[in-house]
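Novice: Contents of coords18.cif (mmCIF, C-alpha atoms) are given next:
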```
data_data
#
loop_
_atom_site.label_atom_id
_atom_site.label_comp_id
_atom_site.auth_asym_id
_atom_site.auth_seq_id
_atom_site.Cartn_x
_atom_site.Cartn_y
_atom_site.Cartn_z
CA MET A 1 91.08 42.45 -68.33
CA GLU A 2 91.58 44.08 -64.99
CA SER A 3 90.15 41.14 -63.04
CA VAL A 4 92.73 38.80 -64.49
CA LEU A 5 95.63 41.17 -63.90
CA ARG A 6 94.61 41.91 -60.33
CA ALA A 7 94.24 38.23 -59.49
CA ALA A 8 97.59 37.35 -61.04
CA ALA A 9 99.31 40.27 -59.29
CA ALA A 10 97.79 39.38 -55.91
CA TYR A 11 98.74 35.70 -56.25
CA LEU A 12 102.31 36.43 -57.27
CA PHE A 13 102.78 39.06 -54.57
CA LEU A 14 101.51 36.75 -51.86
CA LEU A 15 103.69 33.92 -53.15
CA LEU A 16 106.72 36.18 -53.14
CA MET A 17 106.04 37.50 -49.64
CA LEU A 18 105.54 34.06 -48.12
CA ARG A 19 108.56 32.61 -49.86
CA LEU A 20 110.74 35.46 -48.71
CA SER A 21 109.59 35.27 -45.10
CA GLY A 22 111.03 31.80 -44.54
CA LYS A 23 109.77 28.27 -43.97
CA ARG A 24 108.07 28.92 -40.66
CA ALA A 25 105.75 31.54 -42.10
CA LEU A 26 103.23 28.92 -43.18
CA ALA A 27 103.51 26.70 -40.15
CA GLN A 28 100.40 27.85 -38.23
CA ILE A 29 101.50 26.36 -34.97
CA THR A 30 100.60 29.16 -32.62
CA THR A 31 97.67 31.52 -32.25
CA PHE A 32 99.91 34.23 -33.61
CA ASP A 33 100.50 32.36 -36.88
CA PHE A 34 96.80 31.67 -37.19
CA VAL A 35 95.85 35.31 -36.69
CA LEU A 36 98.37 36.34 -39.31
CA LEU A 37 96.88 33.95 -41.81
CA LEU A 38 93.36 35.22 -41.14
CA ILE A 39 94.34 38.84 -41.49
CA ILE A 40 96.31 38.26 -44.66
CA SER A 41 93.34 36.59 -46.32
CA GLU A 42 91.17 39.58 -45.42
CA ALA A 43 93.70 42.02 -46.84
CA THR A 44 93.99 40.00 -50.03
CA GLN A 45 90.30 40.35 -50.67
CA ASN A 46 90.68 44.02 -51.53
CA ALA A 47 93.34 43.23 -54.07
CA LEU A 48 91.28 40.50 -55.72
CA VAL A 49 87.83 42.03 -55.74
CA GLY A 50 88.45 45.79 -55.54
CA ASP A 51 85.03 47.41 -55.79
CA ASN A 52 83.77 45.06 -58.45
CA TYR A 53 81.21 42.75 -56.90
CA SER A 54 79.89 41.12 -60.04
CA LEU A 55 79.68 37.37 -60.55
CA THR A 56 81.77 37.75 -63.67
CA ASN A 57 84.60 39.34 -61.72
CA SER A 58 84.57 36.62 -59.06
CA PHE A 59 84.57 33.89 -61.65
CA LEU A 60 87.38 35.48 -63.61
CA VAL A 61 89.46 35.83 -60.45
CA ILE A 62 88.92 32.19 -59.49
CA LEU A 63 89.69 31.06 -63.03
CA THR A 64 92.89 33.10 -63.11
CA LEU A 65 94.09 31.71 -59.78
CA VAL A 66 93.37 28.11 -60.71
CA THR A 67 95.05 28.51 -64.09
CA ILE A 68 98.18 30.08 -62.63
CA ASP A 69 98.32 27.34 -60.04
CA LEU A 70 98.04 24.65 -62.72
CA ALA A 71 100.73 26.35 -64.75
CA PHE A 72 103.08 26.40 -61.78
CA VAL A 73 102.37 22.77 -60.89
CA TRP A 74 103.15 21.70 -64.43
CA TRP A 75 106.30 23.82 -64.53
CA LYS A 76 107.53 22.48 -61.18
CA LEU A 77 107.19 18.90 -62.38
CA ARG A 78 109.23 19.62 -65.46
CA SER A 79 111.99 21.57 -63.76
CA PRO A 80 113.59 20.72 -60.40
CA ARG A 81 115.13 24.19 -60.28
CA VAL A 82 111.75 25.86 -60.54
CA ASP A 83 110.44 23.46 -57.92
CA ARG A 84 113.24 24.41 -55.58
CA LEU A 85 112.67 28.11 -56.27
CA LEU A 86 108.92 28.01 -55.72
CA GLU A 87 108.62 25.43 -52.99
CA ASP A 88 111.90 25.46 -51.07
CA THR A 89 113.90 22.44 -49.87
CA PRO A 90 113.75 20.48 -46.63
CA LEU A 91 116.46 21.09 -44.02
CA ILE A 92 117.88 18.73 -41.41
CA ILE A 93 118.01 20.60 -38.09
CA VAL A 94 118.66 17.80 -35.61
CA GLU A 95 121.11 15.00 -36.27
CA ASP A 96 121.76 12.19 -33.83
CA GLY A 97 120.21 13.94 -30.85
CA LYS A 98 122.06 17.22 -31.43
CA LEU A 99 120.44 20.44 -32.56
CA LEU A 100 122.33 22.01 -35.46
CA LYS A 101 122.27 25.44 -33.86
CA ASP A 102 123.38 27.56 -36.77
CA ARG A 103 120.83 26.04 -39.16
CA ALA A 104 118.04 26.31 -36.61
CA ALA A 105 118.84 29.94 -35.83
CA LYS A 106 118.89 30.93 -39.48
CA SER A 107 115.56 29.20 -39.99
CA LEU A 108 114.10 31.01 -36.97
CA VAL A 109 113.44 27.72 -35.17
CA ASP A 110 114.57 26.84 -31.66
CA GLU A 111 114.88 23.74 -29.50
CA SER A 112 111.43 24.11 -27.99
CA ASP A 113 109.84 24.03 -31.47
CA VAL A 114 111.63 20.74 -32.17
CA LEU A 115 110.63 19.26 -28.81
CA HIS A 116 107.03 20.34 -29.37
CA ALA A 117 106.99 18.45 -32.67
CA ALA A 118 108.71 15.45 -31.06
CA ARG A 119 106.08 15.22 -28.32
CA GLU A 120 103.19 15.78 -30.69
CA LEU A 121 104.24 13.43 -33.48
CA GLN A 122 106.25 10.71 -31.79
CA GLY A 123 105.57 11.00 -28.08
CA LEU A 124 109.25 11.53 -27.40
CA GLU A 125 110.55 13.12 -24.22
CA ARG A 126 113.99 14.52 -24.92
CA LEU A 127 116.19 15.76 -27.72
CA ASP A 128 118.58 12.82 -27.42
CA GLN A 129 115.81 10.42 -28.45
CA ILE A 130 115.62 12.05 -31.88
CA LYS A 131 117.62 10.58 -34.73
CA TYR A 132 116.71 13.23 -37.30
CA ALA A 133 114.47 16.26 -37.21
CA VAL A 134 113.71 17.85 -40.57
CA LEU A 135 112.25 21.28 -41.16
CA GLU A 136 109.98 20.46 -44.07
CA ARG A 137 109.05 22.70 -46.99
CA SER A 138 105.62 23.15 -45.46
CA GLY A 139 107.12 24.77 -42.37
CA GLY A 140 106.36 21.80 -40.14
CA ILE A 141 108.99 19.76 -38.35
CA SER A 142 109.06 16.01 -38.89
CA ILE A 143 110.74 13.71 -36.39
CA ILE A 144 112.52 10.42 -36.87
CA PRO A 145 113.08 8.79 -33.50
CA LYS A 146 116.06 6.64 -32.62
CA SER A 147 115.28 2.94 -32.36
CA PRO A 148 114.87 1.92 -28.69
CA PRO A 149 118.28 0.22 -28.10
CA GLU A 150 120.06 3.48 -29.13
CA TYR A 151 118.70 5.64 -26.24
CA MET B 1 111.69 13.64 -65.21
CA LYS B 2 112.03 11.50 -62.10
CA ARG B 3 114.04 12.82 -59.24
CA THR B 4 115.22 10.23 -56.76
CA PRO B 5 115.95 11.80 -53.38
CA LYS B 6 119.60 11.95 -52.38
CA ARG B 7 121.00 10.25 -49.29
CA THR B 8 122.22 12.23 -46.31
CA GLY B 9 123.27 9.67 -43.71
CA ASP B 10 120.29 7.32 -43.35
CA LEU B 11 117.83 9.84 -44.73
CA ALA B 12 116.67 9.88 -48.34
CA ILE B 13 116.00 13.59 -48.62
CA ASN B 14 116.35 16.29 -51.24
CA GLU B 15 118.27 18.60 -48.98
CA ASP B 16 120.40 21.21 -50.75
CA PHE B 17 122.40 23.12 -48.18
CA GLY B 18 124.29 25.24 -50.69
CA TYR B 19 121.03 26.51 -52.12
CA GLN B 20 119.63 26.95 -48.62
CA GLN B 21 122.51 29.26 -47.71
CA LYS B 22 121.95 31.39 -50.79
CA GLU B 23 118.28 31.49 -49.94
CA TRP B 24 119.02 32.77 -46.44
CA VAL B 25 121.07 35.64 -47.87
CA VAL B 26 118.28 36.57 -50.26
CA GLN B 27 115.77 36.42 -47.40
CA ARG B 28 117.78 38.73 -45.20
CA ILE B 29 118.10 41.23 -48.05
CA ALA B 30 114.37 40.98 -48.65
CA TRP B 31 113.64 41.63 -44.96
CA CYS B 32 115.70 44.82 -45.13
CA GLY B 33 113.72 45.73 -48.23
CA PHE B 34 110.44 45.20 -46.35
CA ALA B 35 111.60 47.49 -43.56
CA LEU B 36 112.68 50.18 -46.03
CA ILE B 37 109.39 50.06 -47.89
CA LEU B 38 107.46 50.32 -44.62
CA LEU B 39 109.56 53.27 -43.56
CA ALA B 40 108.99 54.97 -46.91
CA ALA B 41 105.25 54.36 -46.57
CA LEU B 42 105.23 55.88 -43.08
CA LEU B 43 107.04 58.91 -44.44
CA GLY B 44 104.42 59.30 -47.13
CA LEU B 45 105.89 57.81 -50.28
CA PHE B 46 102.57 56.07 -50.90
CA GLY B 47 100.47 59.04 -49.85
CA HIS B 48 99.57 61.05 -46.73
CA GLY B 49 102.82 61.82 -45.03
CA ALA B 50 105.73 64.20 -45.03
CA PHE B 51 106.90 63.11 -48.48
CA SER B 52 103.49 63.55 -49.98
CA ARG B 53 102.05 66.82 -48.69
CA ARG B 54 102.46 69.72 -51.08
CA ARG B 55 101.44 73.35 -51.11
CA ILE B 56 101.69 75.69 -54.07
CA SER B 57 100.53 79.27 -54.44
CA SER B 58 100.02 81.76 -57.21
CA ALA B 59 102.56 84.53 -57.80
CA ASP B 60 100.46 87.16 -56.02
CA GLY B 61 99.60 84.83 -53.14
CA SER B 62 95.88 85.13 -53.68
CA MET B 63 95.47 81.43 -54.42
CA VAL B 64 96.97 78.54 -52.45
CA LEU B 65 96.47 74.85 -53.20
CA ASP B 66 97.13 71.96 -50.79
CA TYR B 67 97.31 68.53 -52.36
CA GLN B 68 98.91 65.09 -52.02
CA ARG B 69 101.75 64.27 -54.38
CA PHE B 70 101.06 60.52 -54.13
CA LEU B 71 97.63 58.97 -54.28
CA GLN B 72 96.22 55.47 -54.36
CA ARG B 73 93.64 54.38 -56.84
CA HIS B 74 90.06 54.33 -55.55
CA SER B 75 91.23 55.74 -52.25
CA PRO B 76 89.42 58.87 -50.99
CA ASP B 77 91.52 62.01 -51.07
CA SER B 78 91.11 65.75 -51.47
CA ILE B 79 92.58 68.97 -52.79
CA THR B 80 92.02 72.20 -50.88
CA LEU B 81 91.95 75.66 -52.38
CA ARG B 82 92.41 78.77 -50.24
CA MET B 83 91.77 82.17 -51.79
CA ARG B 84 91.59 85.83 -50.80
CA HIS B 85 90.96 89.15 -52.48
CA LEU B 86 89.35 87.30 -55.38
CA GLY B 87 85.77 87.29 -56.62
CA GLN B 88 83.97 89.54 -59.03
CA GLY B 89 81.19 91.08 -57.06
CA GLU B 90 79.72 88.34 -54.98
CA THR B 91 80.53 85.25 -56.99
CA LEU B 92 83.71 83.39 -57.70
CA ALA B 93 84.12 81.04 -60.67
CA VAL B 94 86.66 78.26 -60.07
CA TRP B 95 87.50 75.98 -62.97
CA ILE B 96 89.24 72.60 -63.18
CA ALA B 97 90.64 71.18 -66.40
CA ASN B 98 88.71 68.25 -67.88
CA SER B 99 91.96 66.35 -68.41
CA TYR B 100 92.14 66.08 -64.61
CA LEU B 101 88.42 65.57 -64.02
CA THR B 102 88.15 62.63 -66.40
CA ASN B 103 90.75 60.70 -64.41
CA ILE B 104 89.16 61.19 -61.03
CA ASN B 105 85.79 60.72 -59.43
CA LEU B 106 84.86 64.09 -57.95
CA GLU B 107 82.66 63.18 -55.00
CA VAL B 108 81.83 66.20 -52.88
CA ILE B 109 82.68 69.88 -53.06
CA VAL B 110 82.61 71.80 -49.80
CA PRO B 111 80.95 74.29 -49.83
CA ASN B 112 78.50 73.28 -52.56
CA PRO B 113 78.79 75.49 -55.63
CA ASN B 114 75.72 77.50 -56.66
CA SER B 115 75.96 76.21 -60.18
CA THR B 116 78.30 74.48 -62.55
CA ARG B 117 79.12 75.22 -66.15
CA ALA B 118 80.60 72.93 -68.78
CA GLU B 119 83.06 74.68 -71.04
CA GLU B 120 85.56 73.67 -73.62
CA GLY B 121 88.36 71.73 -71.94
CA ARG B 122 87.20 72.51 -68.41
CA SER B 123 84.36 72.56 -65.93
CA THR B 124 83.55 75.67 -63.93
CA PHE B 125 82.09 75.80 -60.42
CA ILE B 126 80.45 79.03 -59.28
CA PHE B 127 80.45 79.92 -55.58
CA SER B 128 79.03 82.80 -53.56
CA VAL B 129 81.71 84.70 -51.68
CA PRO B 130 81.58 87.63 -49.19
CA LYS B 131 82.11 91.14 -50.63
CA THR B 132 85.41 91.51 -48.84
CA ASN B 133 87.14 88.22 -49.47
CA THR B 134 89.71 88.03 -46.71
CA GLY B 135 90.09 84.30 -47.01
CA ILE B 136 87.89 81.46 -48.13
CA LEU B 137 88.42 77.73 -48.47
CA ILE B 138 87.05 75.24 -51.00
CA LYS B 139 87.65 71.53 -50.63
CA PHE B 140 87.24 69.03 -53.45
CA ASN B 141 86.85 65.45 -52.23
CA LEU B 142 87.85 62.99 -54.90
CA GLU B 143 88.85 59.42 -55.72
CA PRO B 144 91.45 58.77 -58.41
CA GLU B 145 90.23 56.32 -61.03
CA ALA B 146 93.19 55.60 -63.23
CA PRO B 147 96.71 54.70 -62.09
CA GLY B 148 99.75 56.61 -63.26
CA ARG B 149 100.66 60.26 -63.64
CA LEU B 150 98.01 62.93 -63.20
CA ILE B 151 98.44 66.54 -64.22
CA GLY B 152 95.96 68.90 -62.66
CA LEU B 153 95.06 72.41 -63.68
CA ILE B 154 92.89 74.59 -61.49
CA GLY B 155 92.20 78.31 -61.70
CA VAL B 156 89.87 81.24 -61.18
CA GLU B 157 88.10 82.96 -64.08
CA SER B 158 90.02 86.14 -64.91
CA GLY B 159 92.42 85.23 -62.18
CA PRO B 160 95.47 83.07 -61.45
CA GLU B 161 95.77 79.40 -62.23
CA LEU B 162 97.84 76.61 -60.71
CA SER B 163 99.21 73.46 -62.22
CA PHE B 164 100.11 70.43 -60.10
CA ARG B 165 101.29 66.87 -60.60
CA GLN B 166 100.24 63.74 -58.80
CA PHE B 167 101.08 60.08 -59.06
CA VAL B 168 98.41 57.44 -58.52
CA TYR B 169 99.49 54.00 -57.33
CA PRO B 170 97.40 51.09 -58.64
#
```
Represent the structure of the file as structure tokens.
Specialist:
Amino acid sequence: MESVLRAAAAYLFLLLMLRLSGKRALAQITTFDFVLLLIISEATQNALVGDNYSLTNSFLVILTLVTIDLAFVWWKLRSPRVDRLLEDTPLIIVEDGKLLKDRAAKSLVDESDVLHAARELQGLERLDQIKYAVLERSGGISIIPKSPPEY
Amino acid sequence: MKRTPKRTGDLAINEDFGYQQKEWVVQRIAWCGFALILLAALLGLFGHGAFSRRRISSADGSMVLDYQRFLQRHSPDSITLRMRHLGQGETLAVWIANSYLTNINLEVIVPNPNSTRAEEGRSTFIFSVPKTNTGILIKFNLEPEAPGRLIGLIGVESGPELSFRQFVYP
């Protein structure tokens, strides 16, 4: 019984923590983000396994996690509100070449993050070449460039 | 239930700015909560800190117990007993209630007792002590096994006893 409860508790806690820390938490753009992800997965191991190294425990933990995940996926499909609660919503942060400063600040994103995405994804040079930049649910920034005659 | 994305300008996107603003407020509150919990942990609310250290002594001062008020399950910890002017002849019998012992894993006792005795409701540990007991120390290293409230009872045969409470986090 304990294996199942531990796995469920660890999953829900991690979900809660990552949801509460904002969109950029999952982004993994810099070394810093990557290190955080590595360390978190190490720390989670204690919660999931404890001092029980049996096969049975591992299998129960995996089964619990997969089942909870399936349950959430099913629930999200049925309810847009649950989807919004669990997965967040996208946010437009650049419109027509202008950074929406208040939105970006609250999302802990700045102009250089947007320009990084613009260079990487679209090969753009400047902010004014961007029609829309959207901070996606995944924490990444997607860029929609202006069509050439608009520069 | 199909959800067609809304239109914001030329973008078909499920943006919901009203919800986003509420979310930001909740996030900021949560961040304050994180900081408070960390501060409480540093101060010992989850064990090993100012909040958690406790010392109790018997009425005549011959027995003093140091323990942690907050423990974490399966995390090594200890209780320390200091005694003076106690000990019949050259041995001292210290007992701990079974109700406490069954909820912990008693790992090491320093110094090692000469012998142990199982009795009704408690277990007794017998130590050699000097004839003039001006102050000795016995440390019980343990690991809590069950989460929740723990009530401990420790005493000396024909001597004082002390009762203490601990809380074990899961």
Novice: Can you list, as a PDB file with C-alpha atoms, keeping the file's coordinate frame, the residues that the PyMOL selection byres ((chain B) within 7 of (chain A)) selects here?
Specialist:
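Writing the result to part.pdb gives the following:
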```pdb
ATOM      1  CA  MET B   1     111.690  13.640 -65.210  1.00  0.00           C
ATOM      2  CA  ASN B  14     116.350  16.290 -51.240  1.00  0.00           C
ATOM      3  CA  GLU B  15     118.270  18.600 -48.980  1.00  0.00           C
ATOM      4  CA  ASP B  16     120.400  21.210 -50.750  1.00  0.00           C
ATOM      5  CA  GLN B  27     115.770  36.420 -47.400  1.00  0.00           C
ATOM      6  CA  ALA B  30     114.370  40.980 -48.650  1.00  0.00           C
TER       7      ALA B  30
END
```
Novice: Please compute the atom CA of B:Leu39-atom CA of B:Ala146 distance, one decimal, in Å.
Specialist: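 Between these atoms lies a distance of 25.7 Å.
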Novice: Compare B:Glu161, B:Ala40, B:Leu137, B:Gly61 by their minimum atom-to-atom distance to B:Ile96, counting only C-alpha atoms, and give me the closest one.
Specialist: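 Of the candidates, the smallest distance to B:Ile96 is held by B:Glu161.
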Novice: Give me the residues near B:Val64 as a ChimeraX atom specification, where near means some atom within 9 Å (using all atoms listed in the file) and where sequence neighbours in that chain fewer than 4 positions away do not count.
Specialist: /B:55-58,80-83,162
Novice: Keeping C-alpha atoms for every residue in the selection just given, could you write it to a file as a PDB file, keeping the file's coordinate frame?
Specialist:
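Output contents, as saved in again.pdb:
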```pdb
ATOM      1  CA  ARG B  55     101.440  73.350 -51.110  1.00  0.00           C
ATOM      2  CA  ILE B  56     101.690  75.690 -54.070  1.00  0.00           C
ATOM      3  CA  SER B  57     100.530  79.270 -54.440  1.00  0.00           C
ATOM      4  CA  SER B  58     100.020  81.760 -57.210  1.00  0.00           C
ATOM      5  CA  THR B  80      92.020  72.200 -50.880  1.00  0.00           C
ATOM      6  CA  LEU B  81      91.950  75.660 -52.380  1.00  0.00           C
ATOM      7  CA  ARG B  82      92.410  78.770 -50.240  1.00  0.00           C
ATOM      8  CA  MET B  83      91.770  82.170 -51.790  1.00  0.00           C
ATOM      9  CA  LEU B 162      97.840  76.610 -60.710  1.00  0.00           C
TER      10      LEU B 162
END
```
Novice: Is there a way to get, as a list in words, all residues within 9 Å of the point (89.7, 87.0, -61.8) in file coordinates, counting all atoms listed in the file?
Specialist: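 Selection result: Leu86, Gly87, Gln88, Leu92, Ala93, Val156, Glu157, Ser158, Gly159 and Pro160 of chain B.
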Novice: Considering only C-alpha atoms, return as a list in words whatever protein or nucleic-acid residues lie within 9 Å of stretch 123-128 of chain A, sequence-local ones (same chain, fewer than 5 positions apart) excluded.
Specialist: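 Those residues are Val94, Asp96, Gly97, Lys98, Leu99, Glu111, Val114, Leu115, Ala117, Ala118, Pro145, Lys146 and Tyr151 of chain A.
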Novice: Report, in Å to a single decimal, how far apart atom CA of A:Ala27 and atom CA of B:Gly18 are.
Specialist: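 Pair atom CA of B:Gly18 / atom CA of A:Ala27 returns 23.3 Å.
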Novice: For a quick check of understanding, using all atoms listed in the file, which of B:Ile136, B:Ser52, B:Phe46, B:Ile13 has the smallest distance to B:Arg73?
Specialist: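 Among the listed residues, B:Phe46 lies closest to B:Arg73.
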Novice: Between atom CA of A:Leu18 and atom CA of B:Gly47, what distance in Å does the model show, to one decimal?
Specialist: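 Distance reported for this atom pair: 25.5 Å.
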Novice: So that I can check the surroundings of B:Val94, please list as a compact mmCIF listing (two decimals) with C-alpha atoms, keeping the file's coordinate frame every protein, DNA and RNA residue that reaches within 8 Å of it, counting only C-alpha atoms and ignoring chain neighbours fewer than 4 positions away.
Specialist:
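This went into result_11.txt:
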```txt
# COMPACT_ATOMS: atom_id res chain seq x y z
CA THR B 124 83.55 75.67 -63.93
CA PHE B 125 82.09 75.80 -60.42
CA ILE B 126 80.45 79.03 -59.28
CA PHE B 127 80.45 79.92 -55.58
CA ILE B 154 92.89 74.59 -61.49
CA GLY B 155 92.20 78.31 -61.70
CA VAL B 156 89.87 81.24 -61.18
CA GLU B 157 88.10 82.96 -64.08
```
Novice: Would you mind listing what lies within 10 Å of B:Phe164 as a list of chain:residue names, with all atoms listed in the file counted and same-chain residues fewer than 5 positions away left out?
Specialist: B:Arg54, B:Arg55, B:Ile56, B:Leu65, B:Asp66, B:Tyr67, B:Gln68, B:Arg69, B:Leu150, B:Ile151, B:Gly152, B:Leu153, B:Ile154
Novice: Can you tell me which residues surround B:Arg122 at a distance of at most 10 Å, considering only C-alpha atoms, apart from same-chain residues fewer than 5 positions away, and format the answer as a PDB file with C-alpha atoms, in the coordinates of the input?
Specialist:
```pdb
ATOM      1  CA  TRP B  95      87.500  75.980 -62.970  1.00  0.00           C
ATOM      2  CA  ILE B  96      89.240  72.600 -63.180  1.00  0.00           C
ATOM      3  CA  ALA B  97      90.640  71.180 -66.400  1.00  0.00           C
ATOM      4  CA  ASN B  98      88.710  68.250 -67.880  1.00  0.00           C
ATOM      5  CA  SER B  99      91.960  66.350 -68.410  1.00  0.00           C
ATOM      6  CA  TYR B 100      92.140  66.080 -64.610  1.00  0.00           C
ATOM      7  CA  LEU B 101      88.420  65.570 -64.020  1.00  0.00           C
ATOM      8  CA  ARG B 117      79.120  75.220 -66.150  1.00  0.00           C
ATOM      9  CA  LEU B 153      95.060  72.410 -63.680  1.00  0.00           C
ATOM     10  CA  ILE B 154      92.890  74.590 -61.490  1.00  0.00           C
TER      11      ILE B 154
END
```
Novice: When the PyMOL selection byres ((chain A and resi 44) around 12) is applied to the file above, which residues end up in the set, as a PyMOL selection string?
Specialist: chain A and resi 6-15+37-43+45-50
